[in-house]
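Visitor: My structure is stored as start_30.txt, with compact mmCIF, C-alpha atoms.
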# COMPACT_ATOMS: atom_id res chain seq x y z
CA MET O 693 101.20 82.84 88.86
CA MET O 694 101.84 85.18 91.79
CA PRO O 695 105.09 84.51 93.64
CA ASP O 696 104.77 83.38 97.25
CA PRO O 697 104.80 86.39 99.56
CA GLN O 698 107.93 86.90 101.60
CA PRO O 699 107.73 85.54 105.14
CA ILE O 700 107.28 88.19 107.81
CA HIS O 701 109.72 88.15 110.69
CA ILE O 702 108.31 89.52 113.93
CA LEU O 703 110.57 89.97 116.93
CA LEU O 704 108.76 89.77 120.26
CA VAL O 705 110.60 91.29 123.22
CA ASP O 706 108.95 90.36 126.50
CA ASP O 707 110.38 89.31 129.85
CA ASP O 708 107.56 86.84 130.39
CA PRO O 709 108.21 83.67 128.33
CA ALA O 710 104.54 82.77 128.64
CA GLU O 711 103.76 85.69 126.33
CA ASN O 712 105.92 84.06 123.70
CA LEU O 713 103.73 80.96 123.82
CA ILE O 714 100.54 83.00 123.73
CA MET O 715 101.75 85.15 120.85
CA ARG O 716 102.89 82.10 118.92
CA GLY O 717 99.34 80.76 119.19
CA VAL O 718 97.88 84.06 117.96
CA MET O 719 100.30 84.23 115.02
CA LYS O 720 99.38 80.70 113.93
CA LYS O 721 95.82 81.88 113.44
CA VAL O 722 96.89 84.59 111.00
CA SER O 723 96.21 82.99 107.66
CA SER O 724 97.10 85.84 105.32
CA ALA O 725 100.86 85.78 105.91
CA GLU O 726 103.65 83.43 106.74
CA ILE O 727 104.90 84.74 110.05
CA HIS O 728 108.14 83.74 111.71
CA LEU O 729 108.04 84.79 115.34
CA HIS O 730 111.38 85.36 117.04
CA TYR O 731 111.61 85.88 120.77
CA CYS O 732 114.00 87.77 123.07
CA GLU O 733 113.56 88.01 126.80
CA THR O 734 115.66 91.12 127.41
CA ILE O 735 116.42 94.33 125.59
CA ASP O 736 120.09 93.34 125.40
CA ASP O 737 119.16 90.12 123.62
CA ALA O 738 116.94 92.13 121.27
CA LEU O 739 119.76 94.56 120.48
CA ASP O 740 122.07 91.61 119.77
CA PHE O 741 119.40 90.11 117.52
CA ILE O 742 119.21 93.33 115.50
CA LYS O 743 123.00 93.56 115.39
CA SER O 744 123.24 90.01 114.07
CA GLY O 745 121.62 91.17 110.82
CA LYS O 746 118.84 88.59 110.91
CA PRO O 747 115.76 89.83 109.10
CA VAL O 748 113.19 91.65 111.27
CA SER O 749 110.07 93.05 109.64
CA MET O 750 108.54 94.40 112.84
CA VAL O 751 109.21 94.50 116.58
CA LEU O 752 106.57 94.00 119.24
CA MET O 753 108.00 95.29 122.51
CA ASP O 754 106.51 94.79 125.94
CA ASN O 755 106.34 98.21 127.54
CA ARG O 756 108.00 97.27 130.80
CA LEU O 757 111.05 95.06 130.76
CA GLN O 758 113.02 93.97 133.80
CA PRO O 759 114.58 95.49 135.77
CA GLN O 760 112.93 98.90 135.21
CA ALA O 761 113.06 99.92 131.58
CA ASP O 762 110.02 101.08 129.66
CA PHE O 763 109.62 102.02 126.00
CA ARG O 764 111.14 105.44 126.58
CA GLU O 765 114.50 103.70 127.03
CA THR O 766 114.14 100.48 125.06
CA VAL O 767 112.80 101.83 121.77
CA PRO O 768 115.41 104.59 121.35
CA ALA O 769 118.05 101.92 122.04
CA MET O 770 116.65 99.84 119.17
CA ARG O 771 116.66 102.89 116.91
CA GLN O 772 120.25 103.66 117.88
CA GLN O 773 121.08 100.19 116.66
CA GLY O 774 119.84 101.27 113.23
CA PHE O 775 116.49 99.51 113.19
CA ILE O 776 114.07 101.56 111.05
CA GLY O 777 111.23 99.04 110.80
CA PRO O 778 107.98 99.47 112.73
CA ILE O 779 108.00 99.05 116.50
CA GLY O 780 104.79 98.48 118.41
CA VAL O 781 104.61 98.76 122.17
CA ILE O 782 102.43 96.27 124.01
CA SER O 783 100.94 97.42 127.23
CA SER O 784 97.92 96.36 129.24
CA SER O 785 97.40 99.98 130.21
CA LEU O 786 97.75 102.94 127.90
CA ALA O 787 96.80 105.37 130.63
CA ASP O 788 100.23 106.79 131.44
CA PRO O 789 100.49 110.28 129.91
CA TYR O 790 103.81 109.51 128.24
CA PHE O 791 101.98 107.16 125.88
CA GLN O 792 100.63 110.30 124.21
CA LYS O 793 104.17 111.12 123.07
CA PHE O 794 105.22 107.68 121.92
CA GLU O 795 106.23 108.88 118.44
CA GLU O 796 108.94 111.04 119.93
CA TYR O 797 110.58 107.87 121.23
CA GLY O 798 110.45 106.14 117.85
CA VAL O 799 107.35 104.05 118.54
CA ASP O 800 104.91 103.45 115.69
CA PHE O 801 101.86 102.23 117.56
CA ARG O 802 100.68 100.97 120.92
CA ILE O 803 98.31 98.14 121.63
CA ASP O 804 96.89 96.37 124.63
CA LYS O 805 97.84 92.71 125.11
CA ALA O 806 94.17 91.79 125.21
CA GLU O 807 93.61 93.46 121.83
CA LEU O 808 96.31 91.53 120.00
CA ASP O 809 94.08 89.01 118.25
CA PRO O 810 94.64 87.66 114.71
CA THR O 811 92.47 90.44 113.23
CA ALA O 812 94.60 93.09 114.91
CA ILE O 813 97.81 91.39 113.74
CA GLU O 814 96.50 91.30 110.16
CA PHE O 815 95.59 94.98 110.33
CA ILE O 816 98.98 95.96 111.71
CA LEU O 817 100.79 93.93 109.06
CA ARG O 818 98.71 95.60 106.35
CA GLU O 819 99.44 99.04 107.74
CA TYR O 820 103.13 98.69 108.50
CA VAL O 821 104.65 95.74 106.67
CA THR O 822 102.93 94.49 103.55
CA LYS O 823 101.90 97.95 102.28
CA SER O 824 105.48 99.12 102.22
CA MET V 1443 87.34 148.92 123.76
CA LYS V 1444 84.91 146.06 123.65
CA ALA V 1445 83.23 145.45 120.37
CA THR V 1446 79.50 144.96 120.46
CA ILE V 1447 78.40 142.04 118.42
CA TYR V 1448 74.82 141.87 117.31
CA SER V 1449 73.08 138.71 116.40
CA PRO V 1450 72.26 138.65 112.73
CA PRO V 1451 68.52 138.57 112.07
CA SER V 1452 68.83 135.16 110.50
CA LEU V 1453 69.86 133.71 113.86
CA HIS V 1454 67.06 135.19 115.92
CA HIS V 1455 64.83 132.18 115.66
CA ALA V 1456 67.37 130.29 117.72
CA CYS V 1457 67.58 132.85 120.48
CA GLY V 1458 64.48 131.72 122.37
CA SER V 1459 62.80 134.07 124.80
CA ASN V 1460 65.89 135.65 126.31
CA PRO V 1461 64.88 139.34 126.59
CA ALA V 1462 68.49 140.51 126.54
CA VAL V 1463 68.84 138.94 123.14
CA GLN V 1464 65.46 140.03 121.86
CA ASN V 1465 66.14 143.66 122.74
CA ARG V 1466 69.38 143.87 120.79
CA PRO V 1467 69.24 146.22 117.83
CA GLN V 1468 69.21 144.35 114.56
CA LEU V 1469 71.60 144.92 111.72
CA PRO V 1470 69.97 145.66 108.39
CA PHE V 1471 71.98 142.92 106.71
CA PRO V 1472 72.89 139.34 107.63
CA VAL V 1473 76.35 138.85 109.06
CA GLN V 1474 78.16 135.53 108.93
CA MET V 1475 79.96 135.47 112.27
CA PRO V 1476 82.18 132.64 113.42
CA VAL V 1477 80.32 130.86 116.20
CA ALA V 1478 83.17 131.22 118.65
CA TYR V 1479 82.94 135.02 118.30
CA SER V 1480 79.21 135.45 118.03
CA GLN V 1481 78.67 133.56 121.28
CA SER V 1482 81.90 134.38 123.00
CA HIS V 1483 80.39 134.13 126.48
CA VAL V 1484 80.18 130.39 125.95
CA LYS V 1485 83.35 128.34 125.55
CA LEU V 1486 82.70 126.45 122.37
CA ALA V 1487 84.67 123.85 120.50
CA VAL V 1488 87.79 125.45 119.07
CA ALA V 1489 90.72 124.02 117.22
CA GLY V 1490 94.05 124.18 118.98
CA TYR V 1491 97.44 122.54 119.13
CA VAL V 1492 98.33 120.02 121.78
CA GLY V 1493 101.88 119.43 122.95
CA ASP V 1494 102.81 117.12 120.11
CA GLY V 1495 101.58 119.58 117.51
CA ARG V 1496 98.37 117.74 116.62
CA VAL V 1497 95.42 119.94 115.88
CA VAL V 1498 92.50 118.82 117.96
CA ALA V 1499 89.18 120.29 118.87
CA THR V 1500 88.64 121.05 122.52
CA LEU V 1501 85.25 119.54 123.07
CA LEU V 1502 82.93 120.43 125.87
CA LYS V 1503 81.16 118.07 128.21
CA ASN V 1504 78.09 118.96 126.19
CA HIS V 1505 79.56 116.76 123.46
CA ARG V 1506 78.69 113.63 125.38
CA ARG V 1507 81.00 110.80 124.58
CA TYR V 1508 80.07 108.59 127.53
CA HIS V 1509 82.36 105.61 128.05
CA PHE V 1510 84.47 106.41 124.97
CA ASP V 1511 85.66 109.75 126.28
CA SER V 1512 89.04 108.62 127.54
CA ASP V 1513 89.87 106.33 124.61
CA LEU V 1514 88.97 108.93 122.02
CA GLU V 1515 90.89 111.71 123.71
CA LYS V 1516 94.01 109.54 123.72
CA ALA V 1517 93.73 108.25 120.17
CA LEU V 1518 96.64 109.32 117.98
CA ASN V 1519 96.86 107.23 114.85
CA ARG V 1520 95.11 104.67 112.66
CA VAL V 1521 95.98 101.78 114.96
CA ASP V 1522 94.25 103.55 117.85
CA PHE V 1523 91.12 104.02 115.77
CA PHE V 1524 91.34 100.45 114.57
CA ARG V 1525 91.34 99.40 118.24
CA ILE V 1526 88.37 101.64 119.06
CA PHE V 1527 86.17 100.57 116.13
CA HIS V 1528 87.20 96.91 116.38
CA THR V 1529 86.32 96.81 120.09
CA MET V 1530 83.07 98.65 119.35
CA SER V 1531 82.00 96.09 116.76
CA LEU V 1532 82.78 93.17 119.07
CA ARG V 1533 80.95 94.80 121.97
CA TYR V 1534 77.74 94.95 119.96
CA GLY V 1535 77.98 91.40 118.65
CA PHE V 1536 79.46 92.16 115.24
CA ASP V 1537 82.66 90.65 113.86
CA HIS V 1538 84.02 93.42 111.67
CA PHE V 1539 83.77 97.10 110.87
CA GLY V 1540 84.55 99.26 107.85
CA ILE V 1541 84.58 103.00 107.30
CA LEU V 1542 83.33 103.72 103.84
CA GLN V 1543 83.79 106.91 101.87
CA LEU V 1544 80.63 108.09 100.12
CA GLY V 1545 80.01 110.70 97.46
CA ASN V 1546 80.19 110.59 93.66
CA GLU V 1547 77.70 107.77 93.47
CA GLY V 1548 77.93 107.76 89.70
CA ASP V 1549 81.65 106.91 89.66
CA ALA V 1550 82.65 103.34 89.00
CA CYS V 1551 83.57 102.45 92.52
CA MET V 1552 85.34 99.58 94.19
CA LEU V 1553 84.99 98.50 97.76
CA THR V 1554 88.75 98.51 98.33
CA ASN V 1555 89.07 102.13 97.20
CA ARG V 1556 86.21 103.28 99.36
CA LEU V 1557 87.34 101.72 102.64
CA ALA V 1558 89.21 104.29 104.72
CA LEU V 1559 89.76 101.88 107.62
CA HIS V 1560 88.54 98.35 108.22
CA ASP V 1561 89.23 95.08 109.94
CA LEU V 1562 87.82 92.78 107.27
CA PRO V 1563 89.75 89.57 106.71
CA SER V 1564 92.77 90.15 104.48
CA GLY V 1565 91.91 89.91 100.81
CA LEU V 1566 88.12 89.84 101.30
CA ALA V 1567 87.47 93.28 99.81
CA GLU V 1568 89.90 92.57 96.95
CA GLU V 1569 88.19 89.27 96.15
CA TYR V 1570 84.81 90.99 96.28
CA ASP V 1571 85.98 93.62 93.77
CA LYS V 1572 87.21 90.94 91.37
CA ARG V 1573 83.74 89.41 91.19
CA HIS V 1574 81.26 92.20 91.83
CA ARG V 1575 80.58 95.88 91.29
CA PHE V 1576 80.19 97.60 94.63
CA GLY V 1577 78.48 100.55 92.96
CA ASP V 1578 75.65 98.25 91.88
CA SER V 1579 74.82 97.05 95.38
CA VAL V 1580 71.54 98.13 96.90
CA VAL V 1581 73.35 99.01 100.13
CA PHE V 1582 75.75 101.40 98.43
CA LYS V 1583 72.93 103.05 96.50
CA SER V 1584 70.79 103.40 99.61
CA LEU V 1585 73.60 105.22 101.40
CA HIS V 1586 73.23 107.91 98.76
CA THR V 1587 69.47 108.19 99.11
CA SER V 1588 69.10 108.56 102.87
CA SER V 1589 71.22 109.31 105.90
CA ILE V 1590 69.04 107.25 108.26
CA PRO V 1591 71.03 104.38 109.79
CA SER V 1592 70.08 101.03 108.29
CA ILE V 1593 70.25 97.33 109.11
CA TRP V 1594 70.49 94.74 106.37
CA LYS V 1595 70.20 90.98 106.44
CA ALA V 1596 71.40 88.47 103.89
CA ASP V 1597 67.89 87.09 103.39
CA ASP V 1598 66.27 90.47 102.74
CA PRO V 1599 64.19 89.77 99.62
CA HIS V 1600 64.98 93.14 97.98
CA LEU V 1601 68.71 92.44 98.10
CA GLY V 1602 68.46 89.89 95.30
CA ASN V 1603 69.21 90.31 91.60
CA GLY V 1604 72.92 89.72 91.92
CA SER V 1605 73.53 92.73 94.13
CA ASN V 1606 73.25 91.11 97.55
CA LEU V 1607 76.29 92.62 99.20
CA LEU V 1608 75.91 90.57 102.38
CA ASP V 1609 75.66 87.30 100.54
CA GLN V 1610 78.63 88.24 98.40
CA LEU V 1611 80.75 89.13 101.41
CA GLY V 1612 79.59 86.11 103.41
CA PHE V 1613 77.88 87.76 106.36
CA ASP V 1614 74.35 87.59 107.73
CA MET V 1615 73.89 91.10 109.04
CA LEU V 1616 75.14 94.58 108.22
CA MET V 1617 74.53 97.80 110.05
CA CYS V 1618 75.26 101.11 108.33
CA VAL V 1619 75.67 104.39 110.20
CA PRO V 1620 75.94 107.34 107.82
CA VAL V 1621 78.28 110.00 109.25
CA THR V 1622 79.82 113.25 108.12
CA GLY V 1623 83.13 114.96 108.75
CA ILE V 1624 83.15 118.47 110.13
CA ASN V 1625 83.48 119.83 106.58
CA GLY V 1626 80.50 117.84 105.34
CA ALA V 1627 82.43 114.95 103.75
CA ARG V 1628 80.18 111.90 103.77
CA TYR V 1629 81.14 108.49 105.08
CA ALA V 1630 79.38 105.48 106.57
CA VAL V 1631 80.54 103.26 109.41
CA LEU V 1632 79.64 99.65 108.62
CA PHE V 1633 79.40 96.78 111.09
CA LEU V 1634 79.30 93.24 109.73
CA GLY V 1635 78.54 89.99 111.50
CA ASP V 1636 76.44 86.89 111.69
CA GLY V 1637 73.98 88.05 114.35
CA GLU V 1638 70.26 87.71 113.77
CA ASP V 1639 69.09 91.17 114.77
CA MET V 1640 69.68 93.89 117.33
CA ASP V 1641 67.28 95.64 119.64
CA GLN V 1642 66.43 99.31 119.46
CA GLN V 1643 68.50 100.33 122.46
CA ALA V 1644 71.66 98.64 121.16
CA HIS V 1645 71.01 100.09 117.72
CA PHE V 1646 70.73 103.63 119.10
CA ALA V 1647 73.80 103.17 121.30
CA LEU V 1648 75.96 101.83 118.50
CA CYS V 1649 74.89 104.65 116.19
CA TYR V 1650 75.87 107.21 118.82
CA ASP V 1651 79.21 105.53 119.55
CA ALA V 1652 79.99 105.30 115.84
CA VAL V 1653 79.22 108.99 115.30
CA CYS V 1654 81.48 110.01 118.20
CA ALA V 1655 84.39 107.80 117.19
CA PHE V 1656 84.13 108.83 113.55
CA ASP V 1657 84.22 112.50 114.53
CA TYR V 1658 87.62 111.98 116.17
CA PHE V 1659 88.85 109.73 113.38
CA TYR V 1660 87.94 112.33 110.77
CA ARG V 1661 89.52 115.24 112.59
CA LEU V 1662 92.72 113.43 113.52
CA VAL V 1663 93.31 111.20 110.51
CA LEU V 1664 91.10 111.85 107.49
CA SER V 1665 90.69 115.59 107.33
CA ASN V 1666 92.59 117.60 104.81
CA LYS V 1667 94.98 119.64 106.88
CA ALA V 1668 95.80 122.15 104.14
CA GLY V 1669 96.91 125.47 105.54
CA LEU V 1670 97.70 124.19 109.01
CA GLY V 1671 101.13 124.79 110.45
CA LEU V 1672 103.84 122.16 110.55
CA THR V 1673 104.87 120.55 113.81
CA PRO V 1674 108.54 120.75 114.85
CA ARG V 1675 109.03 117.10 113.81
CA GLU V 1676 107.45 117.73 110.39
CA THR V 1677 109.65 120.79 109.87
CA GLU V 1678 112.70 118.71 110.78
CA ILE V 1679 111.77 116.02 108.26
CA LEU V 1680 111.04 118.65 105.62
CA ARG V 1681 114.50 120.10 106.19
CA TRP V 1682 116.16 116.70 105.70
CA ILE V 1683 114.10 116.11 102.54
CA SER V 1684 115.37 119.44 101.24
CA HIS V 1685 118.90 118.11 101.82
CA GLY V 1686 118.15 115.20 99.53
CA LYS V 1687 117.84 112.51 102.16
CA THR V 1688 115.68 109.44 101.50
CA ALA V 1689 112.99 108.24 103.88
CA SER V 1690 115.19 105.45 105.24
CA GLU V 1691 118.09 107.85 105.79
CA ILE V 1692 115.85 110.30 107.61
CA ALA V 1693 114.48 107.46 109.73
CA LEU V 1694 118.03 106.64 110.83
CA ILE V 1695 118.87 110.28 111.51
CA VAL V 1696 115.82 111.13 113.59
CA SER V 1697 115.48 107.68 115.24
CA VAL V 1698 112.02 106.78 114.07
CA SER V 1699 110.73 104.16 111.65
CA GLU V 1700 110.66 104.64 107.91
CA HIS V 1701 106.87 104.29 108.16
CA THR V 1702 106.73 107.28 110.52
CA VAL V 1703 108.84 109.36 108.14
CA ASN V 1704 106.53 108.49 105.24
CA SER V 1705 103.52 109.28 107.35
CA HIS V 1706 104.93 112.70 108.30
CA THR V 1707 105.81 113.32 104.67
CA ALA V 1708 102.21 112.58 103.62
CA THR V 1709 100.96 115.01 106.26
CA ILE V 1710 103.36 117.72 105.07
CA LEU V 1711 102.11 117.23 101.50
CA LYS V 1712 98.55 117.71 102.74
CA LYS V 1713 99.35 120.70 104.91
CA LEU V 1714 101.29 122.52 102.20
CA ASP V 1715 98.72 121.47 99.61
CA VAL V 1716 101.33 120.11 97.20
CA VAL V 1717 101.57 116.91 95.20
CA ASN V 1718 105.18 115.74 95.47
CA ARG V 1719 108.41 116.23 97.39
CA THR V 1720 109.89 118.62 94.82
CA GLN V 1721 106.91 120.95 94.98
CA MET V 1722 106.94 120.53 98.76
CA VAL V 1723 110.48 121.81 99.11
CA ALA V 1724 109.94 124.60 96.57
CA LYS V 1725 106.86 125.84 98.38
CA ALA V 1726 108.51 125.51 101.79
CA ILE V 1727 111.38 127.72 100.61
CA ARG V 1728 109.02 130.20 98.95
CA GLU V 1729 107.04 130.50 102.15
CA GLN V 1730 110.21 130.64 104.24
CA ILE V 1731 109.34 127.58 106.30
CA ILE V 1732 112.89 126.48 105.59
CA GLN V 1733 115.83 128.52 104.31
Please rewrite the model in this file as structure tokens.

Guide:
Amino acid sequence: MMPDPQPIHILLVDDDPAENLIMRGVMKKVSSAEIHLHYCETIDDALDFIKSGKPVSMVLMDNRLQPQADFRETVPAMRQQGFIGPIGVISSSLADPYFQKFEEYGVDFRIDKAELDPTAIEFILREYVTKS
Amino acid sequence: MKATIYSPPSLHHACGSNPAVQNRPQLPFPVQMPVAYSQSHVKLAVAGYVGDGRVVATLLKNHRRYHFDSDLEKALNRVDFFRIFHTMSLRYGFDHFGILQLGNEGDACMLTNRLALHDLPSGLAEEYDKRHRFGDSVVFKSLHTSSIPSIWKADDPHLGNGSNLLDQLGFDMLMCVPVTGINGARYAVLFLGDGEDMDQQAHFALCYDAVCAFDYFYRLVLSNKAGLGLTPRETEILRWISHGKTASEIALIVSVSEHTVNSHTATILKKLDVVNRTQMVAKAIREQIIQ
């Protein structure tokens, strides 16, 4: 008999708590994995979460966090904390030219909020979490 | 001094009625001339590096990409192409897509091994392979007999005899768009769903969109990049590998994810045309990429 797959811990960092509720609903519809969604409202909370040593399989980071930070500041800060798992940036617009250089800031992928459906989550988990 | 380039006789049929072309002296032997040189007065698609070191083709407006232009130009990795193909399939009333590698029809083939990118439900392709032989399906065979796009329905009478791919996968309709990479490698973009049919205009449009998106996907993700130069980031990772660092250590050092390091490592293997990290470092030293 195959052992139960390990639960996947996703850390959502978003300054809008409503996104936490929405994302929780999306994650519930993912049937192929047991997902534990953790939520932090600020980048400082997220850094503390990483520091605490709690398991994090992947981070989904809202591009813009209050007061003015975007992924060019937040993601390197997460990397400085020693997090080497995948980080995806969520943004409703990928038009800004700096999105073309996201890898230089330690980002693995970018995705629009509207595109984050259960199929997309399953694909991302296959690509970045379960494969490895 | 400007070199005069003559059109080889074998190309004259394509020159139309332009007298300037017709009056050129002909060479007594055919000359294979790179297109960019033989028609240098026209800016054609050429490969070049962009700021991040990716090799991309600079396409002209003649390569009409319509509404996909912006998305395709900005696509960087597999997730971007997942987004593009996934959105495309939904827009045309399908539920899922798959990009299937063709060729070597005779090989025992499995669906999971042939899918280069897909958004099928997790485990579906694996379950299919446990029960069925993809190589026996009429759809797979037909992709090796014609490159005309095709539409299949689960109740097609000729799909019977235990090889009804649609029935086995649990969908009502499948559209196949055969495509090729710039080096001639054959693939097919599949769209699966439960729709009843699609009209001619939508069929044409989806075929065109699939061809455009696949062209980018092939050039940026699938193509064998052997012989191409390394980007600064790839050279940096190669240097750390030569110092004996593991992927996770390199990820910490260069502040990226372990996945990114592995992805760069795979690209370096392709570019240097080597099979493992040891051969990679040996070749890199031999070719003085690193000291």

Visitor: Find the nearest atom pair between each residue of chain V and chain O for residues within 10 Å, count all atoms listed in the file, give distances in Å to one decimal, sort rows by chain and ascending number, and present the table as a tab-separated table.

Guide:
residue	atom	partner	partner_atom	distance
V:Gly1493	CA	O:Lys793	CA	8.6
V:Asp1494	CA	O:Lys793	CA	6.8
V:Ser1512	CA	O:Ala787	CA	9.0
V:Asp1513	CA	O:Leu786	CA	9.2
V:Glu1515	CA	O:Gln792	CA	9.9
V:Lys1516	CA	O:Gln792	CA	6.7
V:Ala1517	CA	O:Gln792	CA	8.3
V:Leu1518	CA	O:Gln792	CA	7.5
V:Asn1519	CA	O:Phe801	CA	7.6
V:Arg1520	CA	O:Glu819	CA	8.6
V:Val1521	CA	O:Phe801	CA	6.4
V:Asp1522	CA	O:Arg802	CA	7.6
V:Phe1524	CA	O:Ala812	CA	8.1
V:Arg1525	CA	O:Glu807	CA	7.3
V:His1528	CA	O:Ala812	CA	8.5
V:Thr1529	CA	O:Glu807	CA	8.2
V:Asp1537	CA	O:Thr811	CA	9.8
V:His1538	CA	O:Thr811	CA	9.1
V:Leu1559	CA	O:Phe815	CA	9.4
V:His1560	CA	O:Phe815	CA	8.1
V:Asp1561	CA	O:Phe815	CA	6.4
V:Leu1562	CA	O:Thr811	CA	7.9
V:Pro1563	CA	O:Thr811	CA	7.1
V:Ser1564	CA	O:Ser724	CA	6.2
V:Gly1565	CA	O:Ser724	CA	8.0
V:Arg1675	CA	O:Glu796	CA	8.6
V:Ala1689	CA	O:Ile776	CA	9.9
V:Ser1690	CA	O:Ile776	CA	7.1
V:Glu1691	CA	O:Ile776	CA	9.1
V:Ile1692	CA	O:Ile776	CA	9.6
V:Ala1693	CA	O:Ile776	CA	6.1
V:Leu1694	CA	O:Gly774	CA	6.2
V:Ile1695	CA	O:Gly774	CA	9.2
V:Val1696	CA	O:Gly798	CA	8.5
V:Ser1697	CA	O:Arg771	CA	5.2
V:Val1698	CA	O:Gly798	CA	4.1
V:Ser1699	CA	O:Ile776	CA	4.3
V:Glu1700	CA	O:Ile776	CA	5.6
V:His1701	CA	O:Pro778	CA	6.7
V:Thr1702	CA	O:Asp800	CA	6.7
V:Val1703	CA	O:Ile776	CA	9.8
V:Asn1704	CA	O:Ser824	CA	9.9

Visitor: If you measure from CA of Asp1578 in chain V to CA of Gly1635 in chain V, what distance in Å do you get, rounded to one decimal?

Guide: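 Separation between CA of Asp1578 in chain V and CA of Gly1635 in chain V: 21.5 Å.
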
Visitor: Distance CA of Lys1572 in chain V-CA of Thr1554 in chain V, one decimal place?

Guide: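 A separation of 10.4 Å between them.
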
Visitor: Please, what distance in Å, to one decimal, runs between CA of Leu1634 in chain V and CA of Lys1595 in chain V?

Guide: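 CA of Lys1595 in chain V lies at a distance of 9.9 Å from CA of Leu1634 in chain V.
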
Visitor: When you look at range 700-709 of chain O with a cut-off of 9 Å (counting all atoms listed in the file), what residues show up, excluding the ones that are within fewer than 4 positions of it in the same chain? I need them as a PyMOL selection string.

Guide: chain O and resi 713-715+725-735+737-738+741+747-758+817+821-822

Visitor: Listed atoms of range 798-802 of chain O, axis-aligned box, 5 Å per side: centre and edge lengths to one decimal in Å, as lines of an AutoDock Vina configuration file?

Guide:
center_x = 105.6
center_y = 103.6
center_z = 118.3
size_x = 19.8
size_y = 15.2
size_z = 15.2

Visitor: Counting only C-alpha atoms, figure out which residue out of V:Val1716, V:Leu1680, V:Leu1632, V:Ala1668 gets nearest to Ile1732 in chain V.

Guide: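 Going through V:Val1716, V:Leu1680, V:Leu1632, V:Ala1668 one by one, the smallest distance to Ile1732 in chain V is for V:Leu1680.
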
Visitor: Find, counting all atoms listed in the file, the residue in V:Tyr1508, V:Trp1682, V:Phe1539, V:Tyr1660 that gets nearest to Val1619 in chain V.

Guide: V:Phe1539

Visitor: List the neighbours of Ala806 in chain O out to 10 Å using all atoms listed in the file; skip same-chain residues closer than 4 positions along the sequence, and give me the result as a PyMOL selection string.

Guide: chain O and resi 782-784
